[in-house]
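The file coords01.pdb comes next; it holds PDB, C-alpha atoms and all ligand atoms.
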ATOM      1  CA  MET A 138       8.165  24.523  -7.251  1.00  0.00           C
ATOM      2  CA  GLU A 139      11.633  23.081  -6.727  1.00  0.00           C
ATOM      3  CA  PHE A 140       9.967  19.724  -5.950  1.00  0.00           C
ATOM      4  CA  ILE A 141       8.046  19.727  -9.237  1.00  0.00           C
ATOM      5  CA  ARG A 142      11.126  20.722 -11.243  1.00  0.00           C
ATOM      6  CA  ARG A 143      13.171  17.982  -9.642  1.00  0.00           C
ATOM      7  CA  LEU A 144      10.482  15.352 -10.055  1.00  0.00           C
ATOM      8  CA  THR A 145       9.967  16.259 -13.716  1.00  0.00           C
ATOM      9  CA  LYS A 146      13.667  15.797 -14.329  1.00  0.00           C
ATOM     10  CA  VAL A 147      13.722  12.491 -12.479  1.00  0.00           C
ATOM     11  CA  LEU A 148      10.752  11.142 -14.403  1.00  0.00           C
ATOM     12  CA  ARG A 149      12.601  11.524 -17.678  1.00  0.00           C
ATOM     13  CA  GLY A 150      15.193   9.037 -16.512  1.00  0.00           C
ATOM     14  CA  GLU A 151      15.098   5.568 -15.015  1.00  0.00           C
ATOM     15  CA  ASN A 152      16.135   4.256 -11.625  1.00  0.00           C
ATOM     16  CA  TYR A 153      13.382   6.036  -9.763  1.00  0.00           C
ATOM     17  CA  TYR A 154      12.165   4.518  -6.473  1.00  0.00           C
ATOM     18  CA  VAL A 155       9.377   5.612  -4.154  1.00  0.00           C
ATOM     19  CA  ILE A 156       9.481   4.727  -0.460  1.00  0.00           C
ATOM     20  CA  ILE A 157       6.385   5.209   1.685  1.00  0.00           C
ATOM     21  CA  GLY A 158       6.976   5.683   5.414  1.00  0.00           C
ATOM     22  CA  CYS A 159      10.105   7.340   6.745  1.00  0.00           C
ATOM     23  CA  GLY A 160      10.598   5.232   9.854  1.00  0.00           C
ATOM     24  CA  ARG A 161      13.932   3.590  10.553  1.00  0.00           C
ATOM     25  CA  LEU A 162      13.507   1.061   7.746  1.00  0.00           C
ATOM     26  CA  GLY A 163      12.200   3.572   5.195  1.00  0.00           C
ATOM     27  CA  ALA A 164      14.947   6.078   6.015  1.00  0.00           C
ATOM     28  CA  THR A 165      17.647   3.408   5.764  1.00  0.00           C
ATOM     29  CA  LEU A 166      16.321   2.186   2.416  1.00  0.00           C
ATOM     30  CA  ALA A 167      16.111   5.719   1.036  1.00  0.00           C
ATOM     31  CA  GLU A 168      19.642   6.437   2.158  1.00  0.00           C
ATOM     32  CA  GLN A 169      21.020   3.202   0.689  1.00  0.00           C
ATOM     33  CA  LEU A 170      19.180   3.464  -2.621  1.00  0.00           C
ATOM     34  CA  GLU A 171      20.254   7.057  -3.035  1.00  0.00           C
ATOM     35  CA  ALA A 172      23.853   6.194  -2.167  1.00  0.00           C
ATOM     36  CA  ALA A 173      23.672   3.469  -4.841  1.00  0.00           C
ATOM     37  CA  GLY A 174      22.859   6.119  -7.435  1.00  0.00           C
ATOM     38  CA  LYS A 175      19.077   5.730  -7.610  1.00  0.00           C
ATOM     39  CA  GLU A 176      16.617   8.602  -7.691  1.00  0.00           C
ATOM     40  CA  THR A 177      14.528   8.369  -4.553  1.00  0.00           C
ATOM     41  CA  LEU A 178      11.398   9.984  -3.202  1.00  0.00           C
ATOM     42  CA  ILE A 179      10.302   9.231   0.333  1.00  0.00           C
ATOM     43  CA  ILE A 180       6.828  10.083   1.601  1.00  0.00           C
ATOM     44  CA  ASP A 181       5.753  10.444   5.220  1.00  0.00           C
ATOM     45  CA  LYS A 182       2.683  12.003   6.781  1.00  0.00           C
ATOM     46  CA  ASN A 183       4.837  13.594   9.494  1.00  0.00           C
ATOM     47  CA  GLN A 184       7.439  16.050   8.356  1.00  0.00           C
ATOM     48  CA  SER A 185       9.537  15.412  11.481  1.00  0.00           C
ATOM     49  CA  ALA A 186      10.038  11.807  10.297  1.00  0.00           C
ATOM     50  CA  PHE A 187      12.516  13.105   7.715  1.00  0.00           C
ATOM     51  CA  ASP A 188      14.872  14.011  10.593  1.00  0.00           C
ATOM     52  CA  LYS A 189      15.898  10.356  10.432  1.00  0.00           C
ATOM     53  CA  LEU A 190      17.473  10.898   7.034  1.00  0.00           C
ATOM     54  CA  PRO A 191      21.162  11.745   7.136  1.00  0.00           C
ATOM     55  CA  ASP A 192      22.288  15.238   6.135  1.00  0.00           C
ATOM     56  CA  THR A 193      23.936  13.653   3.112  1.00  0.00           C
ATOM     57  CA  TYR A 194      20.593  12.380   1.721  1.00  0.00           C
ATOM     58  CA  GLY A 195      20.148  13.987  -1.672  1.00  0.00           C
ATOM     59  CA  GLY A 196      16.817  12.443  -2.692  1.00  0.00           C
ATOM     60  CA  MET A 197      13.371  13.980  -2.515  1.00  0.00           C
ATOM     61  CA  THR A 198      10.933  14.063   0.387  1.00  0.00           C
ATOM     62  CA  LEU A 199       7.198  14.652   0.347  1.00  0.00           C
ATOM     63  CA  THR A 200       5.005  15.272   3.379  1.00  0.00           C
ATOM     64  CA  GLY A 201       1.603  13.683   2.887  1.00  0.00           C
ATOM     65  CA  ASP A 202      -0.691  10.802   3.725  1.00  0.00           C
ATOM     66  CA  ALA A 203       0.052   8.119   1.146  1.00  0.00           C
ATOM     67  CA  SER A 204      -3.384   6.556   1.603  1.00  0.00           C
ATOM     68  CA  GLU A 205      -4.764   9.602  -0.207  1.00  0.00           C
ATOM     69  CA  LEU A 206      -4.990   9.219  -3.970  1.00  0.00           C
ATOM     70  CA  ALA A 207      -4.177  12.899  -4.447  1.00  0.00           C
ATOM     71  CA  VAL A 208      -0.795  12.339  -2.788  1.00  0.00           C
ATOM     72  CA  LEU A 209       0.035   9.199  -4.778  1.00  0.00           C
ATOM     73  CA  LYS A 210      -0.957  10.893  -8.020  1.00  0.00           C
ATOM     74  CA  ARG A 211       1.616  13.621  -7.419  1.00  0.00           C
ATOM     75  CA  VAL A 212       4.684  11.398  -7.451  1.00  0.00           C
ATOM     76  CA  GLY A 213       4.892   9.949 -10.954  1.00  0.00           C
ATOM     77  CA  LEU A 214       4.379   6.316  -9.973  1.00  0.00           C
ATOM     78  CA  GLU A 215       4.168   5.353 -13.632  1.00  0.00           C
ATOM     79  CA  SER A 216       7.896   6.053 -13.907  1.00  0.00           C
ATOM     80  CA  ALA A 217       8.957   4.207 -10.764  1.00  0.00           C
ATOM     81  CA  GLU A 218      11.040   1.036 -10.950  1.00  0.00           C
ATOM     82  CA  GLY A 219       9.919   0.084  -7.478  1.00  0.00           C
ATOM     83  CA  VAL A 220       7.610   1.193  -4.688  1.00  0.00           C
ATOM     84  CA  ILE A 221       8.425   0.150  -1.127  1.00  0.00           C
ATOM     85  CA  VAL A 222       5.575   0.496   1.367  1.00  0.00           C
ATOM     86  CA  VAL A 223       6.859   0.542   4.932  1.00  0.00           C
ATOM     87  CA  THR A 224       4.456   2.428   7.176  1.00  0.00           C
ATOM     88  CA  ASN A 225       3.947   1.006  10.667  1.00  0.00           C
ATOM     89  CA  ASN A 226       0.546  -0.506   9.967  1.00  0.00           C
ATOM     90  CA  ASP A 227      -0.168  -3.713   8.011  1.00  0.00           C
ATOM     91  CA  ASN A 228      -3.645  -2.664   6.882  1.00  0.00           C
ATOM     92  CA  MET A 229      -2.356   0.713   5.784  1.00  0.00           C
ATOM     93  CA  ASN A 230       0.468  -0.929   3.843  1.00  0.00           C
ATOM     94  CA  ALA A 231      -1.953  -3.303   2.101  1.00  0.00           C
ATOM     95  CA  MET A 232      -4.280  -0.463   1.205  1.00  0.00           C
ATOM     96  CA  ILE A 233      -1.508   1.792  -0.106  1.00  0.00           C
ATOM     97  CA  ALA A 234       0.028  -1.070  -2.098  1.00  0.00           C
ATOM     98  CA  GLN A 235      -3.343  -1.728  -3.734  1.00  0.00           C
ATOM     99  CA  LEU A 236      -3.807   1.941  -4.581  1.00  0.00           C
ATOM    100  CA  VAL A 237      -0.328   2.049  -6.088  1.00  0.00           C
ATOM    101  CA  ARG A 238      -1.129  -0.995  -8.200  1.00  0.00           C
ATOM    102  CA  GLU A 239      -4.389   0.513  -9.376  1.00  0.00           C
ATOM    103  CA  LEU A 240      -2.572   3.651 -10.453  1.00  0.00           C
ATOM    104  CA  GLN A 241      -0.096   1.406 -12.201  1.00  0.00           C
ATOM    105  CA  PRO A 242      -1.872  -0.954 -14.569  1.00  0.00           C
ATOM    106  CA  GLY A 243       1.303  -1.638 -16.584  1.00  0.00           C
ATOM    107  CA  ALA A 244       4.212  -3.893 -15.703  1.00  0.00           C
ATOM    108  CA  ARG A 245       6.039  -1.269 -13.661  1.00  0.00           C
ATOM    109  CA  PRO A 246       6.676  -0.775 -10.827  1.00  0.00           C
ATOM    110  CA  ARG A 247       7.505  -3.625  -8.493  1.00  0.00           C
ATOM    111  CA  ILE A 248       5.618  -3.110  -5.243  1.00  0.00           C
ATOM    112  CA  ILE A 249       6.689  -4.560  -1.927  1.00  0.00           C
ATOM    113  CA  ALA A 250       5.060  -3.973   1.440  1.00  0.00           C
ATOM    114  CA  ARG A 251       6.210  -4.660   4.978  1.00  0.00           C
ATOM    115  CA  LEU A 252       4.055  -7.024   6.966  1.00  0.00           C
ATOM    116  CA  TYR A 253       4.395  -7.212  10.756  1.00  0.00           C
ATOM    117  CA  GLU A 254       1.957 -10.071  11.287  1.00  0.00           C
ATOM    118  CA  PRO A 255       3.417 -13.245   9.692  1.00  0.00           C
ATOM    119  CA  GLY A 256       0.062 -15.064   9.552  1.00  0.00           C
ATOM    120  CA  ARG A 257      -1.355 -12.448   7.199  1.00  0.00           C
ATOM    121  CA  GLU A 258       1.056 -13.106   4.370  1.00  0.00           C
ATOM    122  CA  VAL A 259      -1.520 -15.255   2.644  1.00  0.00           C
ATOM    123  CA  VAL A 260      -4.000 -12.364   2.644  1.00  0.00           C
ATOM    124  CA  TYR A 261      -1.429 -10.129   0.997  1.00  0.00           C
ATOM    125  CA  ARG A 262      -0.655 -12.846  -1.537  1.00  0.00           C
ATOM    126  CA  GLU A 263      -4.321 -13.170  -2.430  1.00  0.00           C
ATOM    127  CA  LEU A 264      -4.369  -9.439  -3.049  1.00  0.00           C
ATOM    128  CA  GLY A 265      -1.357  -9.875  -5.316  1.00  0.00           C
ATOM    129  CA  ILE A 266       0.957  -7.893  -3.028  1.00  0.00           C
ATOM    130  CA  THR A 267       4.516  -9.019  -2.420  1.00  0.00           C
ATOM    131  CA  SER A 268       5.290  -8.756   1.273  1.00  0.00           C
ATOM    132  CA  ILE A 269       8.300  -8.938   3.510  1.00  0.00           C
ATOM    133  CA  CYS A 270       8.021  -9.888   7.155  1.00  0.00           C
ATOM    134  CA  PRO A 271      10.880  -8.617   9.388  1.00  0.00           C
ATOM    135  CA  SER A 272      10.196 -11.087  12.226  1.00  0.00           C
ATOM    136  CA  GLU A 273      10.327 -14.080   9.857  1.00  0.00           C
ATOM    137  CA  LEU A 274      13.504 -12.818   8.230  1.00  0.00           C
ATOM    138  CA  SER A 275      15.085 -12.296  11.641  1.00  0.00           C
ATOM    139  CA  ALA A 276      14.088 -15.787  12.805  1.00  0.00           C
ATOM    140  CA  ARG A 277      15.613 -17.261   9.642  1.00  0.00           C
ATOM    141  CA  GLU A 278      18.879 -15.357  10.148  1.00  0.00           C
ATOM    142  CA  ILE A 279      19.033 -16.455  13.787  1.00  0.00           C
ATOM    143  CA  SER A 280      18.537 -20.098  12.835  1.00  0.00           C
ATOM    144  CA  LYS A 281      21.333 -19.715  10.270  1.00  0.00           C
ATOM    145  CA  PHE A 282      23.580 -18.112  12.874  1.00  0.00           C
ATOM    146  CA  LEU A 283      22.941 -21.038  15.195  1.00  0.00           C
ATOM    147  CA  GLY A 284      24.073 -23.383  12.447  1.00  0.00           C
ATOM    148  CA  GLU A 285      20.783 -24.978  11.526  1.00  0.00           C
ATOM    149  CA  ASP A 286      20.921 -26.580   8.074  1.00  0.00           C
ATOM    150  CA  GLU A 287      17.280 -25.850   7.453  1.00  0.00           C
ATOM    151  CA  PRO A 288      15.599 -22.710   8.799  1.00  0.00           C
ATOM    152  CA  TRP A 289      13.027 -23.444  11.479  1.00  0.00           C
TER     153      TRP A 289
HETATM  154  P1  LIG B 301       8.378   2.973  11.731  1.00  0.00           P
HETATM  155  O1  LIG B 301       7.309   2.404  12.607  1.00  0.00           O
HETATM  156  O2  LIG B 301       9.563   3.500  12.514  1.00  0.00           O
HETATM  157  O3  LIG B 301       8.805   2.043  10.628  1.00  0.00           O
HETATM  158  O4  LIG B 301       7.737   4.264  11.001  1.00  0.00           O
HETATM  159  C1  LIG B 301       6.683   4.220  10.077  1.00  0.00           C
HETATM  160  C2  LIG B 301       6.473   5.597   9.446  1.00  0.00           C
HETATM  161  O5  LIG B 301       5.347   5.508   8.564  1.00  0.00           O
HETATM  162  C3  LIG B 301       6.201   6.739  10.414  1.00  0.00           C
HETATM  163  O6  LIG B 301       7.145   7.777  10.216  1.00  0.00           O
HETATM  164  C4  LIG B 301       4.770   7.206  10.046  1.00  0.00           C
HETATM  165  O7  LIG B 301       4.587   8.613  10.167  1.00  0.00           O
HETATM  166  C5  LIG B 301       4.674   6.763   8.599  1.00  0.00           C
HETATM  167  N1  LIG B 301       3.298   6.590   8.129  1.00  0.00           N
HETATM  168  C6  LIG B 301       2.295   5.900   8.739  1.00  0.00           C
HETATM  169  N2  LIG B 301       1.168   5.953   7.996  1.00  0.00           N
HETATM  170  C7  LIG B 301       1.449   6.711   6.899  1.00  0.00           C
HETATM  171  C8  LIG B 301       0.697   7.144   5.766  1.00  0.00           C
HETATM  172  N3  LIG B 301      -0.596   6.814   5.603  1.00  0.00           N
HETATM  173  N4  LIG B 301       1.316   7.906   4.822  1.00  0.00           N
HETATM  174  C9  LIG B 301       2.613   8.250   4.980  1.00  0.00           C
HETATM  175  N5  LIG B 301       3.372   7.882   6.031  1.00  0.00           N
HETATM  176  C10 LIG B 301       2.807   7.129   6.987  1.00  0.00           C
END
As structure tokens - that is how I would like this structure written.
Ligand code: AMP
Amino acid sequence: MEFIRRLTKVLRGENYYVIIGCGRLGATLAEQLEAAGKETLIIDKNQSAFDKLPDTYGGMTLTGDASELAVLKRVGLESAEGVIVVTNNDNMNAMIAQLVRELQPGARPRIIARLYEPGREVVYRELGITSICPSELSAREISKFLGEDEPW
């Protein structure tokens, strides 16, 4: 009941972000967005995953499998500014991102999904999903650190 009351209040405002997957990246993003004054909701299928959030985290959590429509329909995606999909599985992320987009025919929200396998970026792009690949980002940062003018 408290969850529904809180979500209803949040949906009246702006600045609402949904993060899917409370691993290290998801937990860090939720913490940082919330600290920056955004309303955040983080979903994970394992309740114990929320142990990664700091005690100071004041956003919402929801235990559920985000590949299930019933779960996604509960979180007011139509009011979200952004949805960040960071489970530990590329196929799962692509599927969830597509479901989110289908539930969201309008301009909002921006959807971004993590992609472990760099070669699959093109597949995501064809599906119209913006992706971010940690290994490519790391390689680029390392090349910068080593003083390369152009990233490898
Ligand atoms: P990590 O590998 O540390 O980034 O963690 C990824 C997180 O995504 C884990 O906490 C998983 O429980 C979570 N996860 C994986 N699949 C789903 C799913 N379908 N719905 C919600 N959370 C998921």
Using the file's own x, y and z axes, so that the box edges lie along x, y and z, what centre and edge lengths in Å (one decimal) does a box around every listed atom of ligand LIG 301 (chain B) get when 6 Å is added on each side? Give it as lines of an AutoDock Vina configuration file.
center_x = 4.5
center_y = 5.3
center_z = 8.7
size_x = 22.2
size_y = 18.6
size_z = 19.8
- request: Could you tell me how far atom CA of Ile156 of chain A lies from atom CA of Leu178 of chain A, in Å and to one decimal?
  value: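 For atom CA of Ile156 of chain A relative to atom CA of Leu178 of chain A, the distance reads 6.2 Å.
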- request: Throw together the list of residues within 9 Å of ligand LIG 301 (chain B), counting only C-alpha atoms and all ligand atoms, and drop it here as a VMD selection string.
  value: chain A and resid 157 to 164 180 to 187 200 to 205 222 to 226 229 to 230 233
Protein, DNA and RNA residues within 7 Å of (8.4, -3.9, -7.2), only C-alpha atoms, as a PyMOL selection string: chain A and resi 218-220+246-249
message: Applying 8 Å and all atoms listed in the file, which residues near Pro255 of chain A remain after dropping the ones on its own chain fewer than 3 positions away? List them as a ChimeraX atom specification.
response: /A:252,258,270,272-273
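With atom CA of Lys189 of chain A on one side and atom CA of Ala172 of chain A on the other, the separation reads 15.5 Å.
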task: Skip segment 259-264 of chain A itself and residues of its chain fewer than 5 positions away, then list as a PyMOL selection string all residues within 10 Å of it, counting all atoms listed in the file.
output: chain A and resi 227-228+230-232+234-235+250+252
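The spacing separating atom CA of Leu199 of chain A from atom CA of Ile269 of chain A amounts to 23.8 Å.
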Long-range neighbours of Ala207 of chain A as a ChimeraX atom specification, 12 Å cut-off, only C-alpha atoms, 5 positions minimum in chain: /A:201-202,212-213,236-237,240
Would you pick out the contacts of Gln169 of chain A at 12 Å or less, using all atoms listed in the file, so that residues sharing its chain but fewer than 5 positions from it are not included, and give the list as a short mmCIF file (atom, residue, chain, number, x, y, z; two decimals) with C-alpha atoms, in the coordinates of the input?
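What ended up in part32.cif:
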data_model
loop_
_atom_site.label_atom_id
_atom_site.label_comp_id
_atom_site.auth_asym_id
_atom_site.auth_seq_id
_atom_site.Cartn_x
_atom_site.Cartn_y
_atom_site.Cartn_z
CA TYR A 154 12.16 4.52 -6.47
CA ILE A 156 9.48 4.73 -0.46
CA LEU A 162 13.51 1.06 7.75
CA GLY A 163 12.20 3.57 5.20
CA ALA A 164 14.95 6.08 6.02
CA GLY A 174 22.86 6.12 -7.44
CA LYS A 175 19.08 5.73 -7.61
CA GLU A 176 16.62 8.60 -7.69
CA THR A 177 14.53 8.37 -4.55
CA LEU A 190 17.47 10.90 7.03
CA PRO A 191 21.16 11.74 7.14
CA THR A 193 23.94 13.65 3.11
CA TYR A 194 20.59 12.38 1.72
CA GLY A 195 20.15 13.99 -1.67
CA GLY A 196 16.82 12.44 -2.69
#
query: Taking the file as shown, what set of residues would the PyMOL selection byres (((chain A and resi 216) around 8) and not hetatm) give back, as a PyMOL selection string?
result: chain A and resi 148+151+153+213-215+217-218+245-246
Go ahead and save the residues from that selection, with C-alpha atoms, as a PDB file, in the frame of the given file.
ATOM      1  CA  LEU A 148      10.752  11.142 -14.403  1.00  0.00           C
ATOM      2  CA  GLU A 151      15.098   5.568 -15.015  1.00  0.00           C
ATOM      3  CA  TYR A 153      13.382   6.036  -9.763  1.00  0.00           C
ATOM      4  CA  GLY A 213       4.892   9.949 -10.954  1.00  0.00           C
ATOM      5  CA  LEU A 214       4.379   6.316  -9.973  1.00  0.00           C
ATOM      6  CA  GLU A 215       4.168   5.353 -13.632  1.00  0.00           C
ATOM      7  CA  ALA A 217       8.957   4.207 -10.764  1.00  0.00           C
ATOM      8  CA  GLU A 218      11.040   1.036 -10.950  1.00  0.00           C
ATOM      9  CA  ARG A 245       6.039  -1.269 -13.661  1.00  0.00           C
ATOM     10  CA  PRO A 246       6.676  -0.775 -10.827  1.00  0.00           C
TER      11      PRO A 246
END
Would you mind putting N, CA, C and O atoms back on segment 154-176 of chain A and writing the result as a PDB file, in the frame of the given file?
ATOM      1  N   TYR A 154      12.793   5.358  -7.504  1.00  0.00           N
ATOM      2  CA  TYR A 154      12.165   4.518  -6.473  1.00  0.00           C
ATOM      3  C   TYR A 154      11.375   5.384  -5.502  1.00  0.00           C
ATOM      4  O   TYR A 154      11.836   6.459  -5.105  1.00  0.00           O
ATOM      5  N   VAL A 155      10.210   4.886  -5.124  1.00  0.00           N
ATOM      6  CA  VAL A 155       9.377   5.612  -4.154  1.00  0.00           C
ATOM      7  C   VAL A 155       9.294   4.770  -2.880  1.00  0.00           C
ATOM      8  O   VAL A 155       9.018   3.565  -2.937  1.00  0.00           O
ATOM      9  N   ILE A 156       9.561   5.409  -1.755  1.00  0.00           N
ATOM     10  CA  ILE A 156       9.481   4.727  -0.460  1.00  0.00           C
ATOM     11  C   ILE A 156       8.378   5.417   0.352  1.00  0.00           C
ATOM     12  O   ILE A 156       8.355   6.648   0.435  1.00  0.00           O
ATOM     13  N   ILE A 157       7.497   4.629   0.923  1.00  0.00           N
ATOM     14  CA  ILE A 157       6.385   5.209   1.685  1.00  0.00           C
ATOM     15  C   ILE A 157       6.534   4.846   3.156  1.00  0.00           C
ATOM     16  O   ILE A 157       6.498   3.665   3.517  1.00  0.00           O
ATOM     17  N   GLY A 158       6.732   5.863   3.977  1.00  0.00           N
ATOM     18  CA  GLY A 158       6.976   5.683   5.414  1.00  0.00           C
ATOM     19  C   GLY A 158       8.451   5.923   5.703  1.00  0.00           C
ATOM     20  O   GLY A 158       9.307   5.165   5.259  1.00  0.00           O
ATOM     21  N   CYS A 159       8.707   7.010   6.440  1.00  0.00           N
ATOM     22  CA  CYS A 159      10.105   7.340   6.745  1.00  0.00           C
ATOM     23  C   CYS A 159      10.422   6.991   8.196  1.00  0.00           C
ATOM     24  O   CYS A 159      10.874   7.830   8.975  1.00  0.00           O
ATOM     25  N   GLY A 160      10.146   5.734   8.559  1.00  0.00           N
ATOM     26  CA  GLY A 160      10.598   5.232   9.854  1.00  0.00           C
ATOM     27  C   GLY A 160      12.053   4.809   9.701  1.00  0.00           C
ATOM     28  O   GLY A 160      12.718   5.168   8.722  1.00  0.00           O
ATOM     29  N   ARG A 161      12.518   4.001  10.649  1.00  0.00           N
ATOM     30  CA  ARG A 161      13.932   3.590  10.553  1.00  0.00           C
ATOM     31  C   ARG A 161      14.209   2.796   9.286  1.00  0.00           C
ATOM     32  O   ARG A 161      15.202   3.014   8.602  1.00  0.00           O
ATOM     33  N   LEU A 162      13.289   1.875   8.945  1.00  0.00           N
ATOM     34  CA  LEU A 162      13.507   1.061   7.746  1.00  0.00           C
ATOM     35  C   LEU A 162      13.422   1.920   6.480  1.00  0.00           C
ATOM     36  O   LEU A 162      14.289   1.855   5.612  1.00  0.00           O
ATOM     37  N   GLY A 163      12.367   2.728   6.383  1.00  0.00           N
ATOM     38  CA  GLY A 163      12.200   3.572   5.195  1.00  0.00           C
ATOM     39  C   GLY A 163      13.382   4.506   5.004  1.00  0.00           C
ATOM     40  O   GLY A 163      13.905   4.655   3.896  1.00  0.00           O
ATOM     41  N   ALA A 164      13.826   5.128   6.101  1.00  0.00           N
ATOM     42  CA  ALA A 164      14.947   6.078   6.015  1.00  0.00           C
ATOM     43  C   ALA A 164      16.224   5.356   5.584  1.00  0.00           C
ATOM     44  O   ALA A 164      16.987   5.861   4.754  1.00  0.00           O
ATOM     45  N   THR A 165      16.443   4.169   6.130  1.00  0.00           N
ATOM     46  CA  THR A 165      17.647   3.408   5.764  1.00  0.00           C
ATOM     47  C   THR A 165      17.610   3.024   4.286  1.00  0.00           C
ATOM     48  O   THR A 165      18.610   3.142   3.564  1.00  0.00           O
ATOM     49  N   LEU A 166      16.445   2.569   3.827  1.00  0.00           N
ATOM     50  CA  LEU A 166      16.321   2.186   2.416  1.00  0.00           C
ATOM     51  C   LEU A 166      16.553   3.390   1.502  1.00  0.00           C
ATOM     52  O   LEU A 166      17.249   3.280   0.491  1.00  0.00           O
ATOM     53  N   ALA A 167      15.947   4.517   1.869  1.00  0.00           N
ATOM     54  CA  ALA A 167      16.111   5.719   1.036  1.00  0.00           C
ATOM     55  C   ALA A 167      17.581   6.110   0.964  1.00  0.00           C
ATOM     56  O   ALA A 167      18.111   6.405  -0.120  1.00  0.00           O
ATOM     57  N   GLU A 168      18.221   6.068   2.099  1.00  0.00           N
ATOM     58  CA  GLU A 168      19.642   6.437   2.158  1.00  0.00           C
ATOM     59  C   GLU A 168      20.476   5.485   1.290  1.00  0.00           C
ATOM     60  O   GLU A 168      21.318   5.909   0.503  1.00  0.00           O
ATOM     61  N   GLN A 169      20.204   4.185   1.423  1.00  0.00           N
ATOM     62  CA  GLN A 169      21.020   3.202   0.689  1.00  0.00           C
ATOM     63  C   GLN A 169      20.754   3.257  -0.813  1.00  0.00           C
ATOM     64  O   GLN A 169      21.681   3.166  -1.617  1.00  0.00           O
ATOM     65  N   LEU A 170      19.496   3.391  -1.188  1.00  0.00           N
ATOM     66  CA  LEU A 170      19.180   3.464  -2.621  1.00  0.00           C
ATOM     67  C   LEU A 170      19.807   4.711  -3.237  1.00  0.00           C
ATOM     68  O   LEU A 170      20.387   4.661  -4.324  1.00  0.00           O
ATOM     69  N   GLU A 171      19.706   5.805  -2.505  1.00  0.00           N
ATOM     70  CA  GLU A 171      20.254   7.057  -3.035  1.00  0.00           C
ATOM     71  C   GLU A 171      21.774   6.969  -3.142  1.00  0.00           C
ATOM     72  O   GLU A 171      22.369   7.390  -4.139  1.00  0.00           O
ATOM     73  N   ALA A 172      22.394   6.354  -2.137  1.00  0.00           N
ATOM     74  CA  ALA A 172      23.853   6.194  -2.167  1.00  0.00           C
ATOM     75  C   ALA A 172      24.275   5.279  -3.324  1.00  0.00           C
ATOM     76  O   ALA A 172      25.386   5.391  -3.841  1.00  0.00           O
ATOM     77  N   ALA A 173      23.366   4.383  -3.730  1.00  0.00           N
ATOM     78  CA  ALA A 173      23.672   3.469  -4.841  1.00  0.00           C
ATOM     79  C   ALA A 173      23.373   4.119  -6.196  1.00  0.00           C
ATOM     80  O   ALA A 173      23.385   3.455  -7.228  1.00  0.00           O
ATOM     81  N   GLY A 174      23.034   5.393  -6.177  1.00  0.00           N
ATOM     82  CA  GLY A 174      22.859   6.119  -7.435  1.00  0.00           C
ATOM     83  C   GLY A 174      21.438   6.137  -7.971  1.00  0.00           C
ATOM     84  O   GLY A 174      21.207   6.528  -9.109  1.00  0.00           O
ATOM     85  N   LYS A 175      20.473   5.708  -7.158  1.00  0.00           N
ATOM     86  CA  LYS A 175      19.077   5.730  -7.610  1.00  0.00           C
ATOM     87  C   LYS A 175      18.453   7.080  -7.268  1.00  0.00           C
ATOM     88  O   LYS A 175      18.865   7.745  -6.323  1.00  0.00           O
ATOM     89  N   GLU A 176      17.413   7.424  -8.018  1.00  0.00           N
ATOM     90  CA  GLU A 176      16.617   8.602  -7.691  1.00  0.00           C
ATOM     91  C   GLU A 176      15.557   8.144  -6.699  1.00  0.00           C
ATOM     92  O   GLU A 176      14.848   7.171  -6.968  1.00  0.00           O
TER      93      GLU A 176
END
